[in-house]
Amino acid sequence: MLQKSTTNNLEAFWMPFTANRQFKQAPRMLVAARDMHYTTDDGRQILDGAAGLWCCNAGHGRPKIVEAIQKQAAELDYAPAFQMGHPKAFEFASKLVAMAPAGMDHVFFTNSGSESVETALKMALAYHRVKGEGSRTRLLGRERGYHGVNFGGISVGGIVGNRKMFGTLLTGVDHIRHTHDPARNTFSRGQPEHGVEFADELERLVTLHDASTIAALIIEPVAGSTGVLVPPKGYLQRIREICDKHGILLIFDEVITGFGRLGAPFAADYFGVTPDIMTTAKGVTNGTVPMGAVFVKGEIYDAFMNGPEHLIEFAHGYTYSGSPLAAAAGLATLETYQEEGLLTRGAELADYWAGALWSLKGLPHVVDLRNCGLIAGIELEPIAGQPGKRGFSAFLKGFEDGILIRTTGDIIALSPPLIIEKHQIDELFGKIAEILKSLD
Ligand SMILES: Cc1ncc(COP(=O)(O)O)c(C=O)c1O
């Protein structure tokens, strides 16, 4: 018999990215999960339209992954990550590089997307320095970008609400503009036609700062947390060309696009553009044990492998980098993805998904629809003077009606587990349609 957990003292836990006072007045508690559904503390089933937080790509409670974690905890709970190893971390790294885009043949383990981003930024700075180009200290990001919440990530990130409270951030950071262009691209199905020239913003910053001062540009191939911005056709290719021309490292933040979200293993595969460094997390262990993985090209790793062999080449790492539980969970996750064809399943479902999304066109409040792979963005007209209120109401209503959706401001972002069935896609969008009709 399920006990209602609302009798707990809810005050002690300062919840992350949550309206704490609202939540504690009307808690939304999840107590179990299996495949496509969560169970609430009052016994209701909630269809997961968000893969938890873009992370449970194979769905929930997957037996192989559960068993691997249980077994690993009993066999080797922890092994020191520095100057020591355990076999599963190496096995997992080898399997990851085998499925990564060509040339990305080394992996550095972290515990989250935010840590993957910090790691990638530090690698970029240190790489130029070990190569004798220590003047390349500038980091570039993009407006509306989300790269986690640590200081490097919010510095290169471009979401004002995540930046404005936290002082001056890192120095020597600049941003190219975002790619959102409602005047020309509203209701683009898939990649928008217009906006390749937004990539030329990078040339503008090179002209301003000089390439010799710029270490790297970090961008999300598809921007998620800002509310689903799909790159215009040709944009990522042009970004790659400009980075190459000026010796700027290109970092793709694939924390949400990695592991099948677009219907290919990585966005780099989907768009046919390979970065120099690729940050991942979330789907790497199907959201079970916290883990991130930063993929790097061979020449970056090799550049560090100089100097006396007893010295540490890269002064960076985490107590839990490649921890036994995470590595075991990751290995079982990859097996599950591969056995069930999940890394490409999104490609089979993408058209159906887009069709279901487009059925919302013309419904109240909908000002734009955006999609790529198994991601959808539904932008709602804000209530005058109350930005975010309509989006939040949609989220709350969804939970009441048995669907988990994610909202960012007045934009609904959907990213279901890749095991979703067509009838569940119908249910998700059917319920959203009813919610849109009922919203103020
Ligand atoms: C693109 C991107 N980078 C980084 C992060 C941060 O990941 P984490 O919350 O695991 O630190 C996220 C999280 O949503 C993300 O979407």
# chains A, B, ... in the order shown; residues from 1 in each chain; ligands from 1
call {"tool": "select_by_dssp", "arguments": {"residues": "region 81-287 of chain A", "states": "strand (DSSP E or B)", "output": "number ranges by chain"}}
result
A: 104-110, 138-142, 173-176, 214-219, 223, 229, 249-253, 277-280
call {"tool": "residues_near_ligand", "arguments": {"ligand": "ligand 1", "cutoff": "9 Å", "atoms": "only C-alpha atoms and all ligand atoms", "output": "ChimeraX atom specification"}}
result
/A:53-55,111-117,145-150,153,219-226,252-257,279-282,290-292
call {"tool": "closest_residue", "arguments": {"among": "A:Pro265, A:His86, A:His316, A:Gly430", "to": "Gln338 (chain A)", "atoms": "only C-alpha atoms"}}
result
A:Pro265
call {"tool": "select_by_dssp", "arguments": {"residues": "region 276-396 of chain A", "states": "alpha helix (DSSP H)", "output": "ChimeraX atom specification"}}
result
/A:298-304,324-339,342-358,389-396
call {"tool": "write_last_selection", "arguments": {"atoms": "C-alpha atoms", "output": "CSV table (one decimal), in the first residue's frame"}}
result
chain,number,residue,atom,x,y,z
A,298,GLY,CA,42.9,12.2,-30.8
A,299,GLU,CA,45.0,15.2,-31.6
A,300,ILE,CA,43.8,17.0,-28.5
A,301,TYR,CA,44.5,14.0,-26.2
A,302,ASP,CA,47.9,13.5,-27.9
A,303,ALA,CA,48.9,17.1,-27.4
A,304,PHE,CA,48.8,16.6,-23.6
A,324,PRO,CA,32.2,1.7,-10.8
A,325,LEU,CA,28.4,2.1,-10.4
A,326,ALA,CA,28.2,4.7,-13.2
A,327,ALA,CA,30.4,2.6,-15.6
A,328,ALA,CA,28.3,-0.5,-14.9
A,329,ALA,CA,25.1,1.4,-15.5
A,330,GLY,CA,26.6,2.9,-18.7
A,331,LEU,CA,27.6,-0.5,-20.1
A,332,ALA,CA,24.1,-1.9,-19.5
A,333,THR,CA,22.6,1.2,-20.9
A,334,LEU,CA,24.6,0.9,-24.2
A,335,GLU,CA,23.6,-2.8,-24.4
A,336,THR,CA,19.9,-1.8,-24.0
A,337,TYR,CA,20.2,0.9,-26.6
A,338,GLN,CA,21.9,-1.5,-29.0
A,339,GLU,CA,19.6,-4.5,-28.5
A,342,LEU,CA,17.1,2.9,-29.7
A,343,LEU,CA,19.9,5.1,-31.0
A,344,THR,CA,18.1,5.2,-34.4
A,345,ARG,CA,14.5,4.6,-33.4
A,346,GLY,CA,13.9,8.3,-33.3
A,347,ALA,CA,14.5,8.4,-37.1
A,348,GLU,CA,11.7,5.9,-37.7
A,349,LEU,CA,9.3,7.8,-35.4
A,350,ALA,CA,10.3,11.4,-36.4
A,351,ASP,CA,7.7,11.9,-39.1
A,352,TYR,CA,4.9,10.5,-37.0
A,353,TRP,CA,6.0,12.7,-34.1
A,354,ALA,CA,6.1,15.8,-36.3
A,355,GLY,CA,2.7,15.0,-37.7
A,356,ALA,CA,1.3,14.7,-34.2
A,357,LEU,CA,2.9,18.0,-33.2
A,358,TRP,CA,1.5,19.7,-36.3
A,389,LYS,CA,2.4,31.9,-16.2
A,390,ARG,CA,0.6,30.2,-19.2
A,391,GLY,CA,3.5,27.7,-19.6
A,392,PHE,CA,3.5,26.8,-15.9
A,393,SER,CA,-0.3,26.4,-16.0
A,394,ALA,CA,0.1,24.0,-18.9
A,395,PHE,CA,2.7,22.0,-17.0
A,396,LEU,CA,0.5,21.8,-13.9
call {"tool": "residues_around", "arguments": {"residues": "Met15 (chain A)", "least_positions_apart": "6", "cutoff": "12 Å", "atoms": "only C-alpha atoms", "output": "VMD selection string"}}
result
chain A and resid 21 to 24 27
call {"tool": "decode", "arguments": {"residues": "region 130-154 of chain A", "atoms": "N, CA and C atoms", "output": "short mmCIF file (atom, residue, chain, number, x, y, z; two decimals), in the first residue's frame"}}
result
data_model
loop_
_atom_site.label_atom_id
_atom_site.label_comp_id
_atom_site.auth_asym_id
_atom_site.auth_seq_id
_atom_site.Cartn_x
_atom_site.Cartn_y
_atom_site.Cartn_z
N VAL A 130 49.28 23.95 -24.11
CA VAL A 130 50.32 22.91 -24.30
C VAL A 130 50.85 22.92 -25.73
N LYS A 131 50.04 23.46 -26.65
CA LYS A 131 50.52 23.55 -28.04
C LYS A 131 51.34 24.81 -28.29
N GLY A 132 51.50 25.63 -27.27
CA GLY A 132 52.29 26.85 -27.44
C GLY A 132 51.48 28.03 -27.93
N GLU A 133 50.14 27.93 -27.83
CA GLU A 133 49.29 29.05 -28.22
C GLU A 133 48.51 29.57 -27.01
N GLY A 134 49.25 29.86 -25.97
CA GLY A 134 48.63 30.26 -24.70
C GLY A 134 47.87 31.58 -24.74
N SER A 135 47.99 32.31 -25.84
CA SER A 135 47.22 33.56 -25.95
C SER A 135 45.75 33.28 -26.26
N ARG A 136 45.44 32.05 -26.63
CA ARG A 136 44.03 31.71 -26.94
C ARG A 136 43.31 31.41 -25.63
N THR A 137 42.82 32.46 -25.00
CA THR A 137 42.17 32.30 -23.69
C THR A 137 40.69 32.64 -23.72
N ARG A 138 40.22 33.13 -24.86
CA ARG A 138 38.83 33.59 -24.90
C ARG A 138 37.89 32.42 -25.21
N LEU A 139 36.77 32.39 -24.50
CA LEU A 139 35.76 31.35 -24.73
C LEU A 139 34.51 32.01 -25.31
N LEU A 140 33.97 31.39 -26.34
CA LEU A 140 32.77 31.94 -26.97
C LEU A 140 31.58 31.00 -26.78
N GLY A 141 30.43 31.60 -26.57
CA GLY A 141 29.18 30.84 -26.50
C GLY A 141 28.15 31.51 -27.39
N ARG A 142 26.89 31.22 -27.12
CA ARG A 142 25.83 31.77 -27.97
C ARG A 142 24.67 32.23 -27.09
N GLU A 143 24.06 33.32 -27.49
CA GLU A 143 22.88 33.78 -26.76
C GLU A 143 21.84 32.65 -26.73
N ARG A 144 21.14 32.57 -25.64
CA ARG A 144 20.10 31.55 -25.39
C ARG A 144 20.66 30.15 -25.18
N GLY A 145 22.00 30.03 -25.16
CA GLY A 145 22.59 28.71 -24.93
C GLY A 145 22.43 28.29 -23.48
N TYR A 146 22.33 26.99 -23.24
CA TYR A 146 22.33 26.44 -21.88
C TYR A 146 23.46 25.43 -21.78
N HIS A 147 24.36 25.67 -20.85
CA HIS A 147 25.48 24.75 -20.67
C HIS A 147 25.64 24.41 -19.20
N GLY A 148 24.53 24.20 -18.53
CA GLY A 148 24.58 23.85 -17.13
C GLY A 148 24.71 25.09 -16.26
N VAL A 149 25.05 24.86 -15.00
CA VAL A 149 24.90 25.92 -14.00
C VAL A 149 26.19 26.31 -13.30
N ASN A 150 27.29 25.71 -13.67
CA ASN A 150 28.54 26.10 -13.02
C ASN A 150 29.08 27.37 -13.68
N PHE A 151 30.14 27.94 -13.07
CA PHE A 151 30.52 29.29 -13.51
C PHE A 151 30.96 29.35 -14.98
N GLY A 152 31.69 28.35 -15.43
CA GLY A 152 32.07 28.35 -16.85
C GLY A 152 30.83 28.26 -17.72
N GLY A 153 29.96 27.35 -17.36
CA GLY A 153 28.75 27.09 -18.16
C GLY A 153 27.81 28.29 -18.22
N ILE A 154 27.64 28.99 -17.10
CA ILE A 154 26.74 30.16 -17.18
C ILE A 154 27.44 31.33 -17.86
#
